[in-house]
file coords11.cif (mmCIF, C-alpha atoms)
data_start
#
loop_
_atom_site.group_PDB
_atom_site.id
_atom_site.type_symbol
_atom_site.label_atom_id
_atom_site.label_comp_id
_atom_site.auth_asym_id
_atom_site.auth_seq_id
_atom_site.Cartn_x
_atom_site.Cartn_y
_atom_site.Cartn_z
ATOM 1 C CA MET U 1 21.096 40.290 27.401
ATOM 2 C CA SER U 2 23.381 37.978 29.362
ATOM 3 C CA PHE U 3 23.700 34.267 28.682
ATOM 4 C CA SER U 4 21.966 33.364 31.963
ATOM 5 C CA ASP U 5 19.030 35.602 31.052
ATOM 6 C CA GLN U 6 18.750 33.923 27.637
ATOM 7 C CA MET U 7 18.726 30.467 29.228
ATOM 8 C CA SER U 8 16.186 31.480 31.874
ATOM 9 C CA GLN U 9 13.879 32.696 29.090
ATOM 10 C CA LEU U 10 14.362 29.434 27.201
ATOM 11 C CA LEU U 11 14.319 26.755 29.900
ATOM 12 C CA THR U 12 10.933 27.548 31.390
ATOM 13 C CA GLY U 13 8.485 24.963 32.657
ATOM 14 C CA ASN U 14 6.167 25.549 29.711
ATOM 15 C CA ASN U 15 8.959 25.076 27.166
ATOM 16 C CA LEU U 16 10.211 21.908 28.829
ATOM 17 C CA ARG U 17 6.684 20.474 28.968
ATOM 18 C CA PHE U 18 6.300 21.399 25.302
ATOM 19 C CA LEU U 19 9.409 19.362 24.452
ATOM 20 C CA PHE U 20 8.437 16.442 26.669
ATOM 21 C CA ASP U 21 5.045 16.264 24.948
ATOM 22 C CA GLY U 22 6.965 15.782 21.703
ATOM 23 C CA LEU U 23 9.170 13.175 23.365
ATOM 24 C CA LYS U 24 6.116 11.213 24.522
ATOM 25 C CA LEU U 25 4.762 11.181 20.963
ATOM 26 C CA THR U 26 8.146 10.060 19.617
ATOM 27 C CA LEU U 27 8.275 7.184 22.092
ATOM 28 C CA TYR U 28 4.654 6.223 21.415
ATOM 29 C CA ILE U 29 5.149 6.047 17.645
ATOM 30 C CA SER U 30 8.449 4.200 18.049
ATOM 31 C CA PHE U 31 7.093 1.676 20.564
ATOM 32 C CA VAL U 32 3.984 0.766 18.567
ATOM 33 C CA SER U 33 5.986 0.570 15.324
ATOM 34 C CA ILE U 34 8.661 -1.613 16.924
ATOM 35 C CA VAL U 35 6.152 -4.044 18.456
ATOM 36 C CA LEU U 36 4.202 -4.423 15.210
ATOM 37 C CA SER U 37 7.363 -4.648 13.101
ATOM 38 C CA THR U 38 8.815 -7.370 15.322
ATOM 39 C CA ILE U 39 5.669 -9.478 14.971
ATOM 40 C CA PHE U 40 5.275 -8.996 11.216
ATOM 41 C CA GLY U 41 9.030 -9.134 10.568
ATOM 42 C CA THR U 42 9.336 -12.479 12.347
ATOM 43 C CA LEU U 43 6.426 -13.862 10.325
ATOM 44 C CA LEU U 44 7.939 -12.651 7.042
ATOM 45 C CA ALA U 45 11.349 -14.065 7.980
ATOM 46 C CA VAL U 46 9.830 -17.491 8.607
ATOM 47 C CA LEU U 47 7.863 -17.366 5.340
ATOM 48 C CA ARG U 48 10.855 -16.249 3.305
ATOM 49 C CA ASN U 49 12.935 -19.028 4.839
ATOM 50 C CA LYS U 50 10.581 -21.682 3.468
ATOM 51 C CA LYS U 51 12.016 -23.825 0.684
ATOM 52 C CA SER U 52 9.383 -22.782 -1.849
ATOM 53 C CA GLY U 53 5.779 -21.721 -2.262
ATOM 54 C CA PHE U 54 3.627 -18.716 -3.028
ATOM 55 C CA LEU U 55 3.910 -17.308 0.511
ATOM 56 C CA LYS U 56 7.700 -17.354 0.213
ATOM 57 C CA PHE U 57 7.385 -15.424 -3.049
ATOM 58 C CA LEU U 58 5.074 -12.818 -1.485
ATOM 59 C CA ALA U 59 7.325 -12.388 1.545
ATOM 60 C CA SER U 60 10.396 -11.983 -0.657
ATOM 61 C CA LEU U 61 8.605 -9.522 -2.924
ATOM 62 C CA TYR U 62 7.479 -7.371 0.007
ATOM 63 C CA ILE U 63 10.907 -7.331 1.634
ATOM 64 C CA GLU U 64 12.791 -6.473 -1.552
ATOM 65 C CA ILE U 65 10.397 -3.721 -2.633
ATOM 66 C CA VAL U 66 10.116 -2.049 0.767
ATOM 67 C CA ARG U 67 13.801 -2.256 1.703
ATOM 68 C CA ASN U 68 14.911 -0.661 -1.555
ATOM 69 C CA ILE U 69 12.633 2.382 -1.307
ATOM 70 C CA PRO U 70 13.554 5.102 1.246
ATOM 71 C CA ASN U 71 11.414 5.305 4.361
ATOM 72 C CA LEU U 72 10.882 8.987 3.650
ATOM 73 C CA LEU U 73 9.008 8.075 0.476
ATOM 74 C CA TRP U 74 6.832 5.564 2.342
ATOM 75 C CA ILE U 75 5.802 8.326 4.745
ATOM 76 C CA TYR U 76 4.720 10.489 1.801
ATOM 77 C CA VAL U 77 2.879 7.618 0.099
ATOM 78 C CA ILE U 78 0.966 6.477 3.173
ATOM 79 C CA PHE U 79 0.065 9.987 4.298
ATOM 80 C CA LEU U 80 -0.887 11.501 0.936
ATOM 81 C CA ILE U 81 -2.283 8.571 -1.039
ATOM 82 C CA PHE U 82 -4.121 6.732 1.726
ATOM 83 C CA LYS U 83 -5.217 9.955 3.488
ATOM 84 C CA ILE U 84 -4.336 8.712 6.964
ATOM 85 C CA LYS U 85 -4.007 11.158 9.860
ATOM 86 C CA SER U 86 -0.515 12.172 10.924
ATOM 87 C CA THR U 87 0.087 9.928 13.946
ATOM 88 C CA PRO U 88 -1.358 6.723 12.404
ATOM 89 C CA ALA U 89 0.492 7.549 9.169
ATOM 90 C CA GLY U 90 3.753 7.765 11.101
ATOM 91 C CA ILE U 91 3.123 4.435 12.821
ATOM 92 C CA VAL U 92 2.072 2.679 9.605
ATOM 93 C CA SER U 93 4.985 4.005 7.548
ATOM 94 C CA PHE U 94 7.582 3.016 10.137
ATOM 95 C CA THR U 95 5.928 -0.366 10.606
ATOM 96 C CA VAL U 96 5.956 -0.995 6.851
ATOM 97 C CA PHE U 97 9.628 -0.137 6.495
ATOM 98 C CA THR U 98 10.943 -1.621 9.738
ATOM 99 C CA THR U 99 9.079 -4.893 9.169
ATOM 100 C CA ALA U 100 11.093 -5.481 6.009
ATOM 101 C CA ALA U 101 14.375 -4.568 7.701
ATOM 102 C CA LEU U 102 13.735 -6.819 10.707
ATOM 103 C CA ALA U 103 12.597 -9.675 8.479
ATOM 104 C CA GLU U 104 16.013 -9.817 6.829
ATOM 105 C CA ILE U 105 17.829 -9.515 10.161
ATOM 106 C CA ILE U 106 15.788 -12.305 11.747
ATOM 107 C CA ARG U 107 16.093 -14.488 8.635
ATOM 108 C CA GLY U 108 19.845 -14.238 8.983
ATOM 109 C CA GLY U 109 19.493 -15.451 12.562
ATOM 110 C CA LEU U 110 17.282 -18.347 11.505
ATOM 111 C CA ASN U 111 19.845 -19.464 8.929
ATOM 112 C CA GLY U 112 22.569 -19.313 11.572
ATOM 113 C CA VAL U 113 21.006 -21.994 13.766
ATOM 114 C CA ASP U 114 22.665 -25.409 13.382
ATOM 115 C CA LYS U 115 20.508 -27.735 11.272
ATOM 116 C CA GLY U 116 21.572 -30.631 13.463
ATOM 117 C CA GLN U 117 19.462 -29.234 16.276
ATOM 118 C CA LYS U 118 16.374 -29.347 14.087
ATOM 119 C CA GLU U 119 17.060 -32.957 13.114
ATOM 120 C CA ALA U 120 17.619 -33.908 16.746
ATOM 121 C CA ALA U 121 14.327 -32.268 17.725
ATOM 122 C CA ARG U 122 12.454 -34.123 14.971
ATOM 123 C CA SER U 123 13.893 -37.391 16.220
ATOM 124 C CA GLN U 124 12.390 -36.563 19.628
ATOM 125 C CA GLY U 125 8.943 -36.094 18.115
ATOM 126 C CA PHE U 126 8.844 -32.280 17.951
ATOM 127 C CA SER U 127 6.597 -30.779 15.285
ATOM 128 C CA ASN U 128 7.900 -28.099 12.899
ATOM 129 C CA VAL U 129 6.022 -25.401 14.828
ATOM 130 C CA GLN U 130 7.473 -26.595 18.153
ATOM 131 C CA ILE U 131 10.976 -26.665 16.675
ATOM 132 C CA LEU U 132 10.534 -23.117 15.410
ATOM 133 C CA LEU U 133 9.091 -21.680 18.619
ATOM 134 C CA HIS U 134 11.156 -23.521 21.208
ATOM 135 C CA ILE U 135 14.504 -24.167 19.524
ATOM 136 C CA VAL U 136 15.188 -22.150 16.379
ATOM 137 C CA LEU U 137 13.547 -18.773 17.008
ATOM 138 C CA PRO U 138 14.969 -18.117 20.515
ATOM 139 C CA GLN U 139 18.495 -18.835 19.296
ATOM 140 C CA ALA U 140 18.009 -16.781 16.137
ATOM 141 C CA ILE U 141 16.775 -13.744 18.102
ATOM 142 C CA ARG U 142 19.655 -14.038 20.560
ATOM 143 C CA ASN U 143 22.225 -14.229 17.748
ATOM 144 C CA VAL U 144 20.955 -11.119 15.970
ATOM 145 C CA LEU U 145 19.869 -9.120 19.022
ATOM 146 C CA PRO U 146 22.489 -6.352 18.501
ATOM 147 C CA ALA U 147 21.282 -5.822 14.926
ATOM 148 C CA ILE U 148 17.643 -5.799 16.061
ATOM 149 C CA VAL U 149 18.358 -3.220 18.749
ATOM 150 C CA SER U 150 20.285 -1.129 16.239
ATOM 151 C CA GLN U 151 17.187 -1.109 14.054
ATOM 152 C CA PHE U 152 15.066 -0.066 17.039
ATOM 153 C CA VAL U 153 17.421 2.859 17.676
ATOM 154 C CA THR U 154 17.153 3.822 14.006
ATOM 155 C CA VAL U 155 13.351 3.945 14.304
ATOM 156 C CA ILE U 156 13.539 6.340 17.262
ATOM 157 C CA LYS U 157 16.006 8.633 15.481
ATOM 158 C CA ASP U 158 14.171 8.561 12.163
ATOM 159 C CA THR U 159 10.912 9.755 13.699
ATOM 160 C CA SER U 160 12.521 13.177 13.289
ATOM 161 C CA PHE U 161 11.545 12.908 9.582
ATOM 162 C CA LEU U 162 7.882 13.139 10.467
ATOM 163 C CA TYR U 163 7.741 16.872 11.150
ATOM 164 C CA SER U 164 9.304 17.893 7.846
ATOM 165 C CA VAL U 165 7.165 15.444 5.854
ATOM 166 C CA ILE U 166 3.733 15.441 7.517
ATOM 167 C CA ALA U 167 4.089 18.209 10.146
ATOM 168 C CA LEU U 168 3.763 15.748 13.022
ATOM 169 C CA GLN U 169 4.932 17.471 16.194
ATOM 170 C CA GLU U 170 7.122 14.777 17.723
ATOM 171 C CA LEU U 171 10.287 15.684 19.641
ATOM 172 C CA PHE U 172 12.204 17.221 16.739
ATOM 173 C CA GLY U 173 9.072 18.961 15.470
ATOM 174 C CA LYS U 174 8.443 20.528 18.878
ATOM 175 C CA SER U 175 12.060 21.690 19.084
ATOM 176 C CA TYR U 176 11.847 23.203 15.594
ATOM 177 C CA ILE U 177 8.729 25.145 16.601
ATOM 178 C CA LEU U 178 10.442 26.262 19.790
ATOM 179 C CA MET U 179 13.473 27.474 17.862
ATOM 180 C CA GLY U 180 11.234 29.794 15.862
ATOM 181 C CA ARG U 181 10.369 31.683 19.035
ATOM 182 C CA TYR U 182 13.956 32.557 19.953
ATOM 183 C CA ALA U 183 16.407 34.572 17.886
ATOM 184 C CA GLN U 184 19.620 34.255 19.898
ATOM 185 C CA THR U 185 22.192 31.791 18.547
ATOM 186 C CA GLU U 186 22.959 30.510 22.051
ATOM 187 C CA GLN U 187 19.295 29.690 22.616
ATOM 188 C CA VAL U 188 19.009 27.786 19.338
ATOM 189 C CA PHE U 189 22.098 25.736 20.152
ATOM 190 C CA ALA U 190 20.771 25.115 23.657
ATOM 191 C CA ILE U 191 17.556 23.657 22.194
ATOM 192 C CA TYR U 192 19.534 21.500 19.779
ATOM 193 C CA GLY U 193 21.745 20.325 22.632
ATOM 194 C CA LEU U 194 18.800 19.466 24.871
ATOM 195 C CA VAL U 195 17.042 17.511 22.125
ATOM 196 C CA ALA U 196 20.260 15.681 21.216
ATOM 197 C CA LEU U 197 20.702 14.763 24.883
ATOM 198 C CA MET U 198 17.166 13.340 25.022
ATOM 199 C CA TYR U 199 17.771 11.173 21.951
ATOM 200 C CA PHE U 200 21.146 10.061 23.304
ATOM 201 C CA VAL U 201 19.845 9.077 26.758
ATOM 202 C CA ILE U 202 17.007 7.010 25.291
ATOM 203 C CA ASN U 203 19.076 5.247 22.635
ATOM 204 C CA PHE U 204 22.072 4.689 24.897
ATOM 205 C CA SER U 205 19.785 3.166 27.555
ATOM 206 C CA ILE U 206 18.303 0.801 24.959
ATOM 207 C CA SER U 207 21.786 -0.223 23.804
ATOM 208 C CA GLN U 208 22.927 -0.847 27.371
ATOM 209 C CA PHE U 209 19.837 -2.947 28.069
ATOM 210 C CA SER U 210 20.580 -4.957 24.923
ATOM 211 C CA ARG U 211 24.131 -5.673 26.144
ATOM 212 C CA TRP U 212 22.817 -6.721 29.552
ATOM 213 C CA LEU U 213 20.240 -8.984 27.937
ATOM 214 C CA SER U 214 22.857 -10.577 25.667
ATOM 215 C CA ARG U 215 25.125 -11.336 28.641
ATOM 216 C CA ASN U 216 22.286 -12.917 30.592
ATOM 217 C CA TRP U 217 21.101 -14.988 27.640
ATOM 218 C CA ALA U 218 24.634 -16.182 27.022
#
call {"tool": "encode", "arguments": {"input": "coords11.cif", "output": "structure tokens"}}
result
Amino acid sequence: MSFSDQMSQLLTGNNLRFLFDGLKLTLYISFVSIVLSTIFGTLLAVLRNKKSGFLKFLASLYIEIVRNIPNLLWIYVIFLIFKIKSTPAGIVSFTVFTTAALAEIIRGGLNGVDKGQKEAARSQGFSNVQILLHIVLPQAIRNVLPAIVSQFVTVIKDTSFLYSVIALQELFGKSYILMGRYAQTEQVFAIYGLVALMYFVINFSISQFSRWLSRNWA
């Protein structure tokens, strides 16, 4: 069988739709996890940045425990112990892990804001909440935006764990199933190449948007 015949068998409309269904699930899990992780991670960063208190202790405990256990293990724990269905388990596990990672990134940004700005804002009658929301947090996010985006890209790539752990048919899972239907080496490499291209286009686009956003904020 010629190479063109192999590719025509592989790159059919049904196969491409099969892969794009997996891509949609990958993006859905990543998007929901990223949104939730950004909210919870920001909250934990603020709590851990407090001078003292029980909430600071809890935030620190969560961050240190979660960050030092592999995400792969969290997927197993949440899926098997809590008996959650595959898609919610994927979202919860990535939210749990990414929240801790983003909390440390954002905390670094908070600590990088000049304390003189806070003092100047207090002298103008700003409350602590107003200082945080209008002065400190926007600057902190801007300063650590590349690291935040890098973490977002990591989430999208690491969703490929989900098929091997909990048999969730996201993009990599769909491609793995598709590879089982074709025996030719060229076809297998073609599937790998197509999937790699999909991941690259998405993550490269996110990185480019981050650079554009940084330039405009600057």
call {"tool": "residues_around", "arguments": {"input": "coords11.cif", "residues": "segment 92-102 of chain U", "least_positions_apart": "2", "cutoff": "8 Å", "atoms": "all atoms listed in the file", "output": "count of residues only"}}
result
27
call {"tool": "resolve_selection", "arguments": {"input": "coords11.cif", "expression": "the PyMOL selection byres ((chain U and resi 24) around 12)", "output": "JSON list (two decimals) with C-alpha atoms, keeping the file's coordinate frame"}}
result
[["chain", "number", "residue", "atom", "x", "y", "z"],
["U", 17, "ARG", "CA", 6.68, 20.47, 28.97],
["U", 18, "PHE", "CA", 6.30, 21.40, 25.30],
["U", 19, "LEU", "CA", 9.41, 19.36, 24.45],
["U", 20, "PHE", "CA", 8.44, 16.44, 26.67],
["U", 21, "ASP", "CA", 5.04, 16.26, 24.95],
["U", 22, "GLY", "CA", 6.96, 15.78, 21.70],
["U", 23, "LEU", "CA", 9.17, 13.18, 23.36],
["U", 25, "LEU", "CA", 4.76, 11.18, 20.96],
["U", 26, "THR", "CA", 8.15, 10.06, 19.62],
["U", 27, "LEU", "CA", 8.28, 7.18, 22.09],
["U", 28, "TYR", "CA", 4.65, 6.22, 21.42],
["U", 29, "ILE", "CA", 5.15, 6.05, 17.64],
["U", 30, "SER", "CA", 8.45, 4.20, 18.05],
["U", 31, "PHE", "CA", 7.09, 1.68, 20.56],
["U", 156, "ILE", "CA", 13.54, 6.34, 17.26],
["U", 159, "THR", "CA", 10.91, 9.76, 13.70],
["U", 169, "GLN", "CA", 4.93, 17.47, 16.19],
["U", 170, "GLU", "CA", 7.12, 14.78, 17.72],
["U", 171, "LEU", "CA", 10.29, 15.68, 19.64],
["U", 172, "PHE", "CA", 12.20, 17.22, 16.74],
["U", 174, "LYS", "CA", 8.44, 20.53, 18.88],
["U", 198, "MET", "CA", 17.17, 13.34, 25.02],
["U", 199, "TYR", "CA", 17.77, 11.17, 21.95],
["U", 202, "ILE", "CA", 17.01, 7.01, 25.29]]
call {"tool": "atom_distance", "arguments": {"input": "coords11.cif", "atom1": "atom CA of Arg142 of chain U", "atom2": "atom CA of Arg122 of chain U"}}
result
22.1 Å
call {"tool": "closest_residue", "arguments": {"input": "coords11.cif", "among": "U:Leu178, U:Gly173, U:Leu55, U:Leu47", "to": "Thr12 of chain U", "atoms": "all atoms listed in the file"}}
result
U:Leu178
call {"tool": "closest_residue", "arguments": {"input": "coords11.cif", "among": "U:Ile39, U:Leu72, U:Arg48, U:Ala120", "to": "Ser164 of chain U", "atoms": "all atoms listed in the file"}}
result
U:Leu72
call {"tool": "atom_distance", "arguments": {"input": "coords11.cif", "atom1": "atom CA of Asn49 of chain U", "atom2": "atom CA of Asn111 of chain U"}}
result
8.0 Å
call {"tool": "atom_distance", "arguments": {"input": "coords11.cif", "atom1": "atom CA of Ser150 of chain U", "atom2": "atom CA of Ser210 of chain U"}}
result
9.5 Å
call {"tool": "closest_residue", "arguments": {"input": "coords11.cif", "among": "U:Ile91, U:Val136, U:Val144, U:Met179", "to": "Val113 of chain U", "atoms": "all atoms listed in the file"}}
result
U:Val136
call {"tool": "closest_residue", "arguments": {"input": "coords11.cif", "among": "U:Leu43, U:Leu61, U:Ile81, U:Val149", "to": "Ala103 of chain U", "atoms": "all atoms listed in the file"}}
result
U:Leu43
call {"tool": "closest_residue", "arguments": {"input": "coords11.cif", "among": "U:Val46, U:Ile166, U:Gly109, U:Thr154", "to": "Tyr76 of chain U", "atoms": "all atoms listed in the file"}}
result
U:Ile166
call {"tool": "closest_residue", "arguments": {"input": "coords11.cif", "among": "U:Asn203, U:Asn143, U:Asn128, U:Asn14", "to": "Arg215 of chain U", "atoms": "all atoms listed in the file"}}
result
U:Asn143
call {"tool": "axis_aligned_box", "arguments": {"input": "coords11.cif", "around": "segment 71-86 of chain U", "padding_each_side": "4 Å", "output": "AutoDock Vina command-line options"}}
result
--center_x 3.1 --center_y 8.7 --center_z 4.9 --size_x 24.6 --size_y 14.9 --size_z 20.0
call {"tool": "build_atoms", "arguments": {"input": "coords11.cif", "residues": "segment 178-214 of chain U", "atoms": "N, CA and C atoms", "output": "compact mmCIF listing (two decimals), in the frame of the given file"}}
result
# COMPACT_ATOMS: atom_id res chain seq x y z
N LEU U 178 9.89 25.47 18.69
CA LEU U 178 10.44 26.26 19.79
C LEU U 178 11.57 27.17 19.32
N MET U 179 12.37 26.67 18.38
CA MET U 179 13.47 27.47 17.86
C MET U 179 12.98 28.72 17.13
N GLY U 180 11.78 28.64 16.56
CA GLY U 180 11.23 29.79 15.86
C GLY U 180 10.85 30.94 16.79
N ARG U 181 10.76 30.66 18.08
CA ARG U 181 10.37 31.68 19.04
C ARG U 181 11.56 32.44 19.61
N TYR U 182 12.77 31.94 19.35
CA TYR U 182 13.96 32.56 19.95
C TYR U 182 14.97 32.88 18.86
N ALA U 183 15.52 34.08 18.95
CA ALA U 183 16.41 34.57 17.89
C ALA U 183 17.88 34.43 18.22
N GLN U 184 18.22 34.29 19.50
CA GLN U 184 19.62 34.26 19.90
C GLN U 184 20.26 32.91 19.51
N THR U 185 21.48 33.00 18.97
CA THR U 185 22.19 31.79 18.55
C THR U 185 22.38 30.82 19.71
N GLU U 186 22.73 31.36 20.88
CA GLU U 186 22.96 30.51 22.05
C GLU U 186 21.70 29.73 22.42
N GLN U 187 20.55 30.35 22.28
CA GLN U 187 19.30 29.69 22.62
C GLN U 187 18.99 28.56 21.63
N VAL U 188 19.24 28.82 20.36
CA VAL U 188 19.01 27.79 19.34
C VAL U 188 19.90 26.58 19.60
N PHE U 189 21.18 26.83 19.88
CA PHE U 189 22.10 25.74 20.15
C PHE U 189 21.73 25.01 21.44
N ALA U 190 21.20 25.74 22.40
CA ALA U 190 20.77 25.12 23.66
C ALA U 190 19.61 24.15 23.40
N ILE U 191 18.68 24.53 22.54
CA ILE U 191 17.56 23.66 22.19
C ILE U 191 18.07 22.41 21.47
N TYR U 192 18.94 22.64 20.49
CA TYR U 192 19.53 21.50 19.78
C TYR U 192 20.24 20.56 20.75
N GLY U 193 21.00 21.14 21.67
CA GLY U 193 21.74 20.32 22.63
C GLY U 193 20.83 19.53 23.54
N LEU U 194 19.75 20.14 23.99
CA LEU U 194 18.80 19.47 24.87
C LEU U 194 18.11 18.31 24.15
N VAL U 195 17.71 18.56 22.91
CA VAL U 195 17.04 17.51 22.12
C VAL U 195 18.01 16.36 21.83
N ALA U 196 19.25 16.71 21.48
CA ALA U 196 20.26 15.68 21.22
C ALA U 196 20.50 14.84 22.47
N LEU U 197 20.51 15.49 23.62
CA LEU U 197 20.70 14.76 24.88
C LEU U 197 19.55 13.80 25.13
N MET U 198 18.32 14.22 24.84
CA MET U 198 17.17 13.34 25.02
C MET U 198 17.28 12.10 24.14
N TYR U 199 17.60 12.31 22.86
CA TYR U 199 17.77 11.17 21.95
C TYR U 199 18.89 10.26 22.44
N PHE U 200 19.99 10.86 22.87
CA PHE U 200 21.15 10.06 23.30
C PHE U 200 20.80 9.21 24.52
N VAL U 201 20.17 9.80 25.52
CA VAL U 201 19.84 9.08 26.76
C VAL U 201 18.95 7.88 26.45
N ILE U 202 17.94 8.10 25.63
CA ILE U 202 17.01 7.01 25.29
C ILE U 202 17.72 5.89 24.54
N ASN U 203 18.44 6.26 23.47
CA ASN U 203 19.08 5.25 22.64
C ASN U 203 20.23 4.55 23.34
N PHE U 204 20.98 5.29 24.15
CA PHE U 204 22.07 4.69 24.90
C PHE U 204 21.52 3.71 25.93
N SER U 205 20.41 4.06 26.57
CA SER U 205 19.78 3.17 27.56
C SER U 205 19.32 1.87 26.89
N ILE U 206 18.74 1.99 25.69
CA ILE U 206 18.30 0.80 24.96
C ILE U 206 19.50 -0.08 24.61
N SER U 207 20.58 0.53 24.16
CA SER U 207 21.79 -0.22 23.80
C SER U 207 22.37 -0.93 25.02
N GLN U 208 22.40 -0.24 26.15
CA GLN U 208 22.93 -0.85 27.37
C GLN U 208 22.05 -2.02 27.82
N PHE U 209 20.75 -1.85 27.72
CA PHE U 209 19.84 -2.95 28.07
C PHE U 209 20.06 -4.15 27.15
N SER U 210 20.31 -3.88 25.88
CA SER U 210 20.58 -4.96 24.92
C SER U 210 21.84 -5.72 25.31
N ARG U 211 22.89 -5.01 25.72
CA ARG U 211 24.13 -5.67 26.14
C ARG U 211 23.89 -6.52 27.39
N TRP U 212 23.12 -5.97 28.32
CA TRP U 212 22.82 -6.72 29.55
C TRP U 212 22.03 -7.98 29.22
N LEU U 213 21.06 -7.84 28.32
CA LEU U 213 20.24 -8.98 27.94
C LEU U 213 21.08 -10.06 27.24
N SER U 214 21.99 -9.63 26.38
CA SER U 214 22.86 -10.58 25.67
C SER U 214 23.73 -11.36 26.65
